[in-house]
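Peer 1: Next comes the structure file start-v5.txt, holding compact mmCIF, C-alpha atoms.
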# COMPACT_ATOMS: atom_id res chain seq x y z
CA LEU S 625 82.00 113.31 42.39
CA GLU S 626 83.36 112.65 45.89
CA VAL S 627 79.86 112.98 47.38
CA LEU S 628 78.17 110.80 44.75
CA PRO S 629 78.32 107.53 46.74
CA TYR S 630 76.84 109.33 49.75
CA VAL S 631 74.07 110.85 47.66
CA PHE S 632 73.05 107.36 46.55
CA LYS S 633 73.00 106.34 50.21
CA LEU S 634 70.83 109.34 50.99
CA VAL S 635 68.39 108.40 48.24
CA ASP S 636 68.27 104.83 49.52
CA ASN S 637 67.37 106.13 52.99
CA ILE S 638 65.09 108.97 51.96
CA ASP S 639 62.09 107.48 53.77
CA LYS S 640 64.05 107.20 57.01
CA MET S 641 65.17 110.82 56.74
CA GLY S 642 61.54 111.97 56.78
CA PRO S 643 61.04 115.21 58.74
CA MET S 644 64.77 115.86 59.01
CA LEU S 645 65.02 116.69 55.31
CA GLU S 646 62.59 119.57 55.71
CA ALA S 647 64.45 120.82 58.79
CA VAL S 648 67.81 120.57 57.01
CA MET S 649 66.57 122.48 53.96
CA ALA S 650 65.35 125.27 56.24
CA GLU S 651 68.95 125.60 57.49
CA LYS S 652 70.66 125.04 54.13
CA GLU S 653 72.96 128.05 54.51
CA TYR S 654 74.70 126.19 57.34
CA VAL S 655 74.23 122.64 56.06
CA LEU S 656 75.31 122.89 52.42
CA PRO S 657 78.95 123.88 53.19
CA VAL S 658 79.36 120.72 55.28
CA LEU S 659 77.09 118.41 53.27
CA PRO S 660 79.89 116.00 52.28
CA GLU S 661 80.79 115.55 55.95
CA ILE S 662 77.15 115.02 56.92
CA LEU S 663 76.62 112.45 54.17
CA ALA S 664 79.82 110.65 55.16
CA LYS S 665 78.40 110.23 58.68
CA LEU S 666 74.90 109.27 57.56
CA ASP S 667 75.09 105.73 58.99
CA LEU S 668 75.97 107.23 62.36
CA ILE S 669 73.17 109.81 62.21
CA LEU S 670 70.31 107.74 60.80
CA PRO S 671 69.41 105.82 63.99
CA HIS S 672 68.88 109.17 65.76
CA ILE S 673 66.85 110.99 63.10
CA ASP S 674 63.71 111.28 65.20
CA VAL S 675 65.64 112.87 68.06
CA LEU S 676 67.79 115.15 65.91
CA ALA S 677 65.13 116.48 63.52
CA PRO S 678 63.47 118.87 66.01
CA LYS S 679 66.91 120.24 67.00
CA VAL S 680 68.35 120.88 63.53
CA HIS S 681 67.66 124.61 63.80
CA VAL S 682 69.75 124.72 67.00
CA ILE S 683 72.56 122.45 65.80
CA ALA S 684 72.95 123.61 62.17
CA PRO S 685 74.68 126.96 62.87
CA HIS S 686 77.34 125.01 64.79
CA ALA S 687 77.67 122.10 62.35
CA GLN S 688 81.28 122.90 61.44
CA LYS S 689 82.30 122.68 65.11
CA LEU S 690 80.27 119.56 65.88
CA LEU S 691 80.80 117.31 62.85
CA PRO S 692 84.46 116.51 63.57
CA HIS S 693 83.33 115.14 66.92
CA ALA S 694 80.22 113.32 65.71
CA GLU S 695 81.60 109.88 66.60
CA ILE S 696 81.93 110.96 70.22
CA LEU S 697 78.69 112.96 70.52
CA VAL S 698 76.11 111.04 68.47
CA PRO S 699 76.05 107.92 70.70
CA TYR S 700 74.82 110.20 73.52
CA VAL S 701 72.46 112.33 71.44
CA ASP S 702 69.33 110.69 72.88
CA GLU S 703 70.41 111.81 76.37
CA LEU S 704 71.64 115.23 75.25
CA ALA S 705 68.84 116.21 72.86
CA PRO S 706 66.34 117.46 75.47
CA PHE S 707 68.98 119.91 76.70
CA ILE S 708 70.63 121.01 73.44
CA ASP S 709 68.98 124.42 73.49
CA ASP S 710 70.79 125.18 76.75
CA LEU S 711 74.01 123.26 76.16
CA ILE S 712 74.76 124.84 72.79
CA VAL S 713 76.21 127.86 74.60
CA PHE S 714 79.22 125.76 75.63
CA LEU S 715 80.36 125.70 71.99
CA ASP S 716 81.41 129.33 72.42
CA VAL S 717 83.79 128.34 75.21
CA ARG S 718 87.42 128.30 74.16
CA GLY S 719 88.69 124.73 74.45
CA TRP S 720 85.23 123.14 74.86
CA GLU S 721 86.56 120.06 73.09
CA GLU S 722 88.59 119.23 76.19
CA ALA S 723 85.40 118.05 77.88
CA LEU S 724 84.42 115.64 75.08
CA PRO S 725 86.22 112.58 76.48
CA TYR S 726 84.00 112.87 79.55
CA ILE S 727 80.67 113.24 77.78
CA GLY S 728 79.60 109.71 78.65
CA LYS S 729 79.99 110.43 82.36
CA LEU S 730 78.40 113.89 82.10
CA ALA S 731 75.42 112.95 79.93
CA PRO S 732 73.33 111.34 82.70
CA HIS S 733 73.63 114.58 84.71
CA MET S 734 72.59 117.00 81.97
CA ALA S 735 69.17 117.57 83.52
CA ALA S 736 71.01 119.16 86.46
CA ILE S 737 73.75 120.90 84.46
CA ALA S 738 71.85 122.30 81.45
CA PRO S 739 69.67 124.86 83.29
CA HIS S 740 72.87 126.55 84.46
CA ALA S 741 74.72 126.43 81.14
CA LYS S 742 74.52 130.16 80.41
CA ARG S 743 75.93 130.98 83.82
CA LEU S 744 78.60 128.28 83.75
CA ALA S 745 79.88 128.88 80.22
CA PRO S 746 81.60 132.23 80.97
CA GLN S 747 83.36 130.57 83.93
CA MET S 748 84.70 127.56 82.03
CA ASP S 749 88.17 128.96 81.40
CA PRO S 750 89.40 128.23 84.94
CA LEU S 751 87.21 125.12 85.21
CA LEU S 752 88.24 123.25 82.05
CA PRO S 753 91.69 122.18 83.29
CA HIS S 754 89.96 120.59 86.28
CA ILE S 755 87.27 118.78 84.29
CA PRO S 756 88.86 115.33 84.82
CA THR S 757 88.68 115.76 88.60
CA LEU S 758 85.22 117.36 88.59
CA VAL S 759 83.87 114.55 86.40
CA LYS S 760 85.50 111.96 88.66
CA TYR S 761 83.19 113.13 91.45
CA ILE S 762 80.23 114.26 89.34
CA ASP S 763 77.89 111.79 91.06
CA ASN S 764 78.53 113.63 94.33
CA LEU S 765 78.68 117.14 92.89
CA ALA S 766 75.71 117.18 90.49
CA PRO S 767 72.98 116.98 93.17
CA GLN S 768 74.35 120.23 94.63
CA ILE S 769 74.72 122.13 91.37
CA ASP S 770 71.82 124.53 92.00
CA GLN S 771 73.35 125.69 95.27
CA THR S 772 76.90 125.57 93.87
CA VAL S 773 76.16 127.89 90.96
CA GLU S 774 74.67 130.42 93.37
CA VAL S 775 78.06 130.75 95.09
CA LEU S 776 80.30 130.14 92.10
CA ASP S 777 82.04 133.49 92.53
CA ARG S 778 83.20 132.31 95.97
CA LEU S 779 84.14 128.79 94.87
CA LEU S 780 86.20 129.67 91.80
CA PRO S 781 89.06 131.19 93.82
CA MET S 782 89.23 127.84 95.65
CA ILE S 783 89.63 125.81 92.44
CA ALA S 784 93.41 125.60 92.95
CA PHE S 785 92.73 123.45 96.03
CA LEU S 786 90.90 120.82 93.96
CA PRO S 787 93.95 118.62 93.28
CA LEU S 788 94.65 118.56 97.02
CA ALA S 789 91.02 117.66 97.76
CA ASP S 790 91.33 114.85 95.22
CA GLN S 791 94.54 113.54 96.77
CA THR S 792 93.15 113.53 100.29
CA GLY S 793 90.01 111.70 99.18
CA ILE S 794 87.63 114.25 100.67
CA MET S 795 85.74 114.51 97.37
CA LYS S 796 84.68 110.88 97.78
CA SER S 797 82.46 112.01 100.64
CA LYS S 798 78.94 112.90 99.54
CA LEU S 799 78.57 114.85 102.77
CA ALA S 800 81.67 116.93 102.02
CA CYS S 801 80.48 117.71 98.49
CA LYS S 802 77.06 118.62 99.82
CA ALA S 803 78.66 120.99 102.31
CA LEU S 804 80.71 122.88 99.71
CA PRO S 805 78.07 125.49 98.78
CA HIS S 806 77.29 126.11 102.42
CA VAL S 807 80.96 126.61 103.27
CA ALA S 808 81.34 128.94 100.28
CA ARG S 809 78.56 131.20 101.56
CA ILE S 810 80.68 132.25 104.51
CA LEU S 811 83.63 133.10 102.25
CA PRO S 812 83.97 136.50 100.58
CA PRO S 813 84.26 136.64 96.79
CA GLY S 814 87.90 137.11 95.90
CA ARG S 815 91.06 135.77 94.37
CA ALA S 816 92.81 132.57 95.29
CA HIS S 817 95.74 132.65 97.66
CA PRO S 818 98.81 134.02 95.80
CA SER S 819 100.60 130.71 96.24
CA LEU S 820 97.66 128.91 94.63
CA PRO S 821 96.77 131.01 91.59
CA LEU S 822 93.90 130.22 89.29
CA THR S 823 94.93 128.24 86.23
CA PRO S 824 96.31 130.80 83.72
CA ARG S 825 94.09 131.59 80.79
CA ARG S 826 95.01 129.64 77.68
CA PRO S 827 96.02 131.74 74.68
CA CYS S 828 93.39 132.27 72.00
Render the structure in this file as C-alpha cells.
Peer 2:
Amino acid sequence: LEVLPYVFKLVDNIDKMGPMLEAVMAEKEYVLPVLPEILAKLDLILPHIDVLAPKVHVIAPHAQKLLPHAEILVPYVDELAPFIDDLIVFLDVRGWEEALPYIGKLAPHMAAIAPHAKRLAPQMDPLLPHIPTLVKYIDNLAPQIDQTVEVLDRLLPMIAFLPLADQTGIMKSKLACKALPHVARILPPGRAHPSLPLTPRRPC
C-alpha cells in the first residue's frame, strides 16, 4: 500500500519513462528490492531519463548504495553519465560517500579523472581524508592528472605534506601543480617521513 501513490505517478508518466522501463525490467533483480525508493524519487529522476536509460545496466547493481544519495548525485547526472562505466569502481572504495559534498566541483573534471578510476580507486584510502584540499585546487591539479597517476606511488608518501602546501599557498600556483609529477619522478617510491605518517586506515 505504501507504494500505491508512487505507482499511480509511474502510470501517469509511463510515456516519459519510455526506454528506461525496458532497461529497468532487464535488471529487475536489483531494481525490485529498492522499487519503493526509486518510485519515491521519480520526480527527481524523470528529467534525466534519456541520460540514465542507457546506463541502467551499470547503475542497477549499485542501486542500494546510490539511492540514499540521489538528491546529491542526480543534479550532476548529465555531466557524470558519459563516465559512469569508469566511475562506478569508486563505489567499492570504503568511505566513498565522503567525496559526495564535492561532486559539483569534481563533475566538470570527470573527463580527466574517469580514465584513471581503476588505478585511483585502490589508492583512495589515504587520499579521501585530503579530498577537501585536493578539490580546492582541482582546477590546477586536473590538467596534470595523466602525469600524476603515472607517479602516484611516489606522490602518495608525500600526502602528509598537503596541509602544509595548502597553508603556504603553493597549491594556488598552476606552475607548482604542473611541476609536481616531474618532481615526483626524481623521488624513489617509499613511505612518508616517520614524523609525517600517511593517514591511518579507517576501520572497516
Peer 1: Taking 6 positions as the minimum chain separation for residues in the same chain, which residues sit within 9 Å of Ile683 in chain S when counting only C-alpha atoms? Answer as a list in words.
Peer 2: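 Within the cut-off, the hits are Leu676, Leu690, Ile708, Asp709 and Ile712 of chain S.
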Peer 1: For a cut-off of 12 Å around (81.7, 124.7, 71.3), file coordinates, pick out all residues using all atoms listed in the file and list them as a PyMOL selection string.
Peer 2: chain S and resi 683+685-693+708+711-724+745+748
Peer 1: What's the 9 Å shell around range 785-787 of chain S, counting all atoms listed in the file, without same-chain residues fewer than 5 positions away, as a short mmCIF file (atom, residue, chain, number, x, y, z; two decimals) with C-alpha atoms, in the coordinates of the input?
Peer 2:
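Listing of result.cif after writing:
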data_model
loop_
_atom_site.label_atom_id
_atom_site.label_comp_id
_atom_site.auth_asym_id
_atom_site.auth_seq_id
_atom_site.Cartn_x
_atom_site.Cartn_y
_atom_site.Cartn_z
CA HIS S 754 89.96 120.59 86.28
CA THR S 757 88.68 115.76 88.60
CA LEU S 758 85.22 117.36 88.59
CA THR S 792 93.15 113.53 100.29
CA MET S 795 85.74 114.51 97.37
CA LEU S 820 97.66 128.91 94.63
#
Peer 1: What is the distance, in Å and to one decimal place, between CA of Lys742 in chain S and CA of Phe707 in chain S?
Peer 2: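 CA of Phe707 in chain S lies 12.2 Å from CA of Lys742 in chain S.
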Peer 1: Can you tell me, as a VMD selection string, what residues are no more than 12 Å from Leu668 in chain S when counting only C-alpha atoms, ignoring any on the same chain fewer than 2 positions away?
Peer 2: chain S and resid 661 to 666 670 to 673 676 691 693 to 701
Peer 1: Using all atoms listed in the file, which of S:Tyr654, S:Pro643, S:Leu730, S:Pro750 sits nearest Met782 in chain S?
Peer 2: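 Of the candidates, the smallest distance to Met782 in chain S is held by S:Pro750.
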Peer 1: Determine the axis-aligned bounding box of all atoms of range 668-682 of chain S present in the file, pad each side by 6 Å, and express its centre and edge lengths in Å to one decimal place as lines of an AutoDock Vina configuration file.
Peer 2:
center_x = 69.7
center_y = 115.3
center_z = 64.4
size_x = 24.5
size_y = 30.9
size_z = 19.3
Peer 1: State, in Å with one decimal place, the distance from CA of Asp667 in chain S to CA of Glu703 in chain S.
Peer 2: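 Taking CA of Asp667 in chain S as the start and CA of Glu703 in chain S as the end point, the length is 19.0 Å.
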Peer 1: What is the CA of Ile783 in chain S to CA of Ala736 in chain S distance in Å?
Peer 2: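 These two atoms are separated by 20.7 Å.
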Peer 1: Quick one: residues within 12 Å of Leu776 in chain S, all atoms listed in the file counted, chain neighbours fewer than 2 positions away excluded, as an MDAnalysis selection string?
Peer 2: chainID S and resid 740 743:748 750:751 768:774 778:783 804:809 811:814
Peer 1: I need the residues from that last selection saved to file as a tab-separated table (two decimals), keeping the file's coordinate frame (with C-alpha atoms), if you can.
Peer 2:
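selection_39.tsv written:
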chain	number	residue	atom	x	y	z
S	740	HIS	CA	72.87	126.55	84.46
S	743	ARG	CA	75.93	130.98	83.82
S	744	LEU	CA	78.60	128.28	83.75
S	745	ALA	CA	79.88	128.88	80.22
S	746	PRO	CA	81.60	132.23	80.97
S	747	GLN	CA	83.36	130.57	83.93
S	748	MET	CA	84.70	127.56	82.03
S	750	PRO	CA	89.40	128.23	84.94
S	751	LEU	CA	87.21	125.12	85.21
S	768	GLN	CA	74.35	120.23	94.63
S	769	ILE	CA	74.72	122.13	91.37
S	770	ASP	CA	71.82	124.53	92.00
S	771	GLN	CA	73.35	125.69	95.27
S	772	THR	CA	76.90	125.57	93.87
S	773	VAL	CA	76.16	127.89	90.96
S	774	GLU	CA	74.67	130.42	93.37
S	778	ARG	CA	83.20	132.31	95.97
S	779	LEU	CA	84.14	128.79	94.87
S	780	LEU	CA	86.20	129.67	91.80
S	781	PRO	CA	89.06	131.19	93.82
S	782	MET	CA	89.23	127.84	95.65
S	783	ILE	CA	89.63	125.81	92.44
S	804	LEU	CA	80.71	122.88	99.71
S	805	PRO	CA	78.07	125.49	98.78
S	806	HIS	CA	77.29	126.11	102.42
S	807	VAL	CA	80.96	126.61	103.27
S	808	ALA	CA	81.34	128.94	100.28
S	809	ARG	CA	78.56	131.20	101.56
S	811	LEU	CA	83.63	133.10	102.25
S	812	PRO	CA	83.97	136.50	100.58
S	813	PRO	CA	84.26	136.64	96.79
S	814	GLY	CA	87.90	137.11	95.90
Peer 1: Considering all atoms listed in the file, can you say which of S:Val775, S:Ala705, S:Ile762, S:Leu752 comes closest to His733 in chain S?
Peer 2: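 The closest residue to His733 in chain S is S:Ile762.
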Peer 1: Which is closest to Val759 in chain S among S:Glu646, S:Asp790, S:Asp674, S:Asp777, if we use only C-alpha atoms?
Peer 2: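 Ranked by minimum distance to Val759 in chain S, first place goes to S:Asp790.
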Peer 1: Write range 685-705 of chain S as an mmCIF file, keeping the file's coordinate frame, completed to N, CA, C and O atoms.
Peer 2:
data_model
loop_
_atom_site.group_PDB
_atom_site.id
_atom_site.type_symbol
_atom_site.label_atom_id
_atom_site.label_comp_id
_atom_site.auth_asym_id
_atom_site.auth_seq_id
_atom_site.Cartn_x
_atom_site.Cartn_y
_atom_site.Cartn_z
ATOM 1 N N PRO S 685 73.697 125.873 62.894
ATOM 2 C CA PRO S 685 74.680 126.960 62.870
ATOM 3 C C PRO S 685 76.049 126.576 63.445
ATOM 4 O O PRO S 685 77.028 127.282 63.224
ATOM 5 N N HIS S 686 76.096 125.452 64.155
ATOM 6 C CA HIS S 686 77.340 125.010 64.790
ATOM 7 C C HIS S 686 77.872 123.717 64.155
ATOM 8 O O HIS S 686 78.746 123.061 64.720
ATOM 9 N N ALA S 687 77.336 123.384 62.980
ATOM 10 C CA ALA S 687 77.670 122.100 62.350
ATOM 11 C C ALA S 687 79.162 121.937 62.115
ATOM 12 O O ALA S 687 79.714 120.845 62.303
ATOM 13 N N GLN S 688 79.839 122.998 61.717
ATOM 14 C CA GLN S 688 81.280 122.900 61.440
ATOM 15 C C GLN S 688 82.074 122.549 62.706
ATOM 16 O O GLN S 688 83.098 121.875 62.631
ATOM 17 N N LYS S 689 81.622 123.013 63.849
ATOM 18 C CA LYS S 689 82.300 122.680 65.110
ATOM 19 C C LYS S 689 81.978 121.253 65.552
ATOM 20 O O LYS S 689 82.833 120.556 66.108
ATOM 21 N N LEU S 690 80.738 120.823 65.330
ATOM 22 C CA LEU S 690 80.270 119.560 65.880
ATOM 23 C C LEU S 690 80.638 118.337 65.041
ATOM 24 O O LEU S 690 80.957 117.285 65.593
ATOM 25 N N LEU S 691 80.601 118.473 63.723
ATOM 26 C CA LEU S 691 80.800 117.310 62.850
ATOM 27 C C LEU S 691 82.116 116.572 63.080
ATOM 28 O O LEU S 691 82.126 115.335 63.066
ATOM 29 N N PRO S 692 83.225 117.264 63.320
ATOM 30 C CA PRO S 692 84.460 116.510 63.570
ATOM 31 C C PRO S 692 84.419 115.630 64.808
ATOM 32 O O PRO S 692 85.231 114.724 64.959
ATOM 33 N N HIS S 693 83.443 115.887 65.667
ATOM 34 C CA HIS S 693 83.330 115.140 66.920
ATOM 35 C C HIS S 693 82.078 114.263 66.955
ATOM 36 O O HIS S 693 81.678 113.794 68.016
ATOM 37 N N ALA S 694 81.493 114.045 65.778
ATOM 38 C CA ALA S 694 80.220 113.320 65.710
ATOM 39 C C ALA S 694 80.331 111.918 66.314
ATOM 40 O O ALA S 694 79.402 111.446 66.982
ATOM 41 N N GLU S 695 81.450 111.244 66.076
ATOM 42 C CA GLU S 695 81.600 109.880 66.600
ATOM 43 C C GLU S 695 81.542 109.834 68.118
ATOM 44 O O GLU S 695 81.113 108.837 68.701
ATOM 45 N N ILE S 696 81.979 110.898 68.755
ATOM 46 C CA ILE S 696 81.930 110.960 70.220
ATOM 47 C C ILE S 696 80.545 111.367 70.696
ATOM 48 O O ILE S 696 80.009 110.792 71.656
ATOM 49 N N LEU S 697 79.929 112.354 70.032
ATOM 50 C CA LEU S 697 78.690 112.960 70.520
ATOM 51 C C LEU S 697 77.431 112.167 70.159
ATOM 52 O O LEU S 697 76.528 112.034 70.992
ATOM 53 N N VAL S 698 77.364 111.650 68.947
ATOM 54 C CA VAL S 698 76.110 111.040 68.470
ATOM 55 C C VAL S 698 75.653 109.871 69.341
ATOM 56 O O VAL S 698 74.450 109.728 69.589
ATOM 57 N N PRO S 699 76.538 109.015 69.841
ATOM 58 C CA PRO S 699 76.050 107.920 70.700
ATOM 59 C C PRO S 699 75.287 108.403 71.940
ATOM 60 O O PRO S 699 74.522 107.636 72.535
ATOM 61 N N TYR S 700 75.492 109.662 72.322
ATOM 62 C CA TYR S 700 74.820 110.200 73.520
ATOM 63 C C TYR S 700 73.717 111.193 73.157
ATOM 64 O O TYR S 700 73.171 111.854 74.039
ATOM 65 N N VAL S 701 73.387 111.281 71.871
ATOM 66 C CA VAL S 701 72.460 112.330 71.440
ATOM 67 C C VAL S 701 71.068 112.142 72.045
ATOM 68 O O VAL S 701 70.366 113.129 72.310
ATOM 69 N N ASP S 702 70.653 110.911 72.283
ATOM 70 C CA ASP S 702 69.330 110.690 72.880
ATOM 71 C C ASP S 702 69.265 111.295 74.290
ATOM 72 O O ASP S 702 68.226 111.820 74.694
ATOM 73 N N GLU S 703 70.362 111.222 75.025
ATOM 74 C CA GLU S 703 70.410 111.810 76.370
ATOM 75 C C GLU S 703 70.575 113.326 76.319
ATOM 76 O O GLU S 703 70.045 114.053 77.156
ATOM 77 N N LEU S 704 71.322 113.801 75.323
ATOM 78 C CA LEU S 704 71.640 115.230 75.250
ATOM 79 C C LEU S 704 70.546 116.052 74.588
ATOM 80 O O LEU S 704 70.394 117.239 74.909
ATOM 81 N N ALA S 705 69.795 115.462 73.676
ATOM 82 C CA ALA S 705 68.840 116.210 72.860
ATOM 83 C C ALA S 705 67.872 117.087 73.652
ATOM 84 O O ALA S 705 67.628 118.239 73.266
#
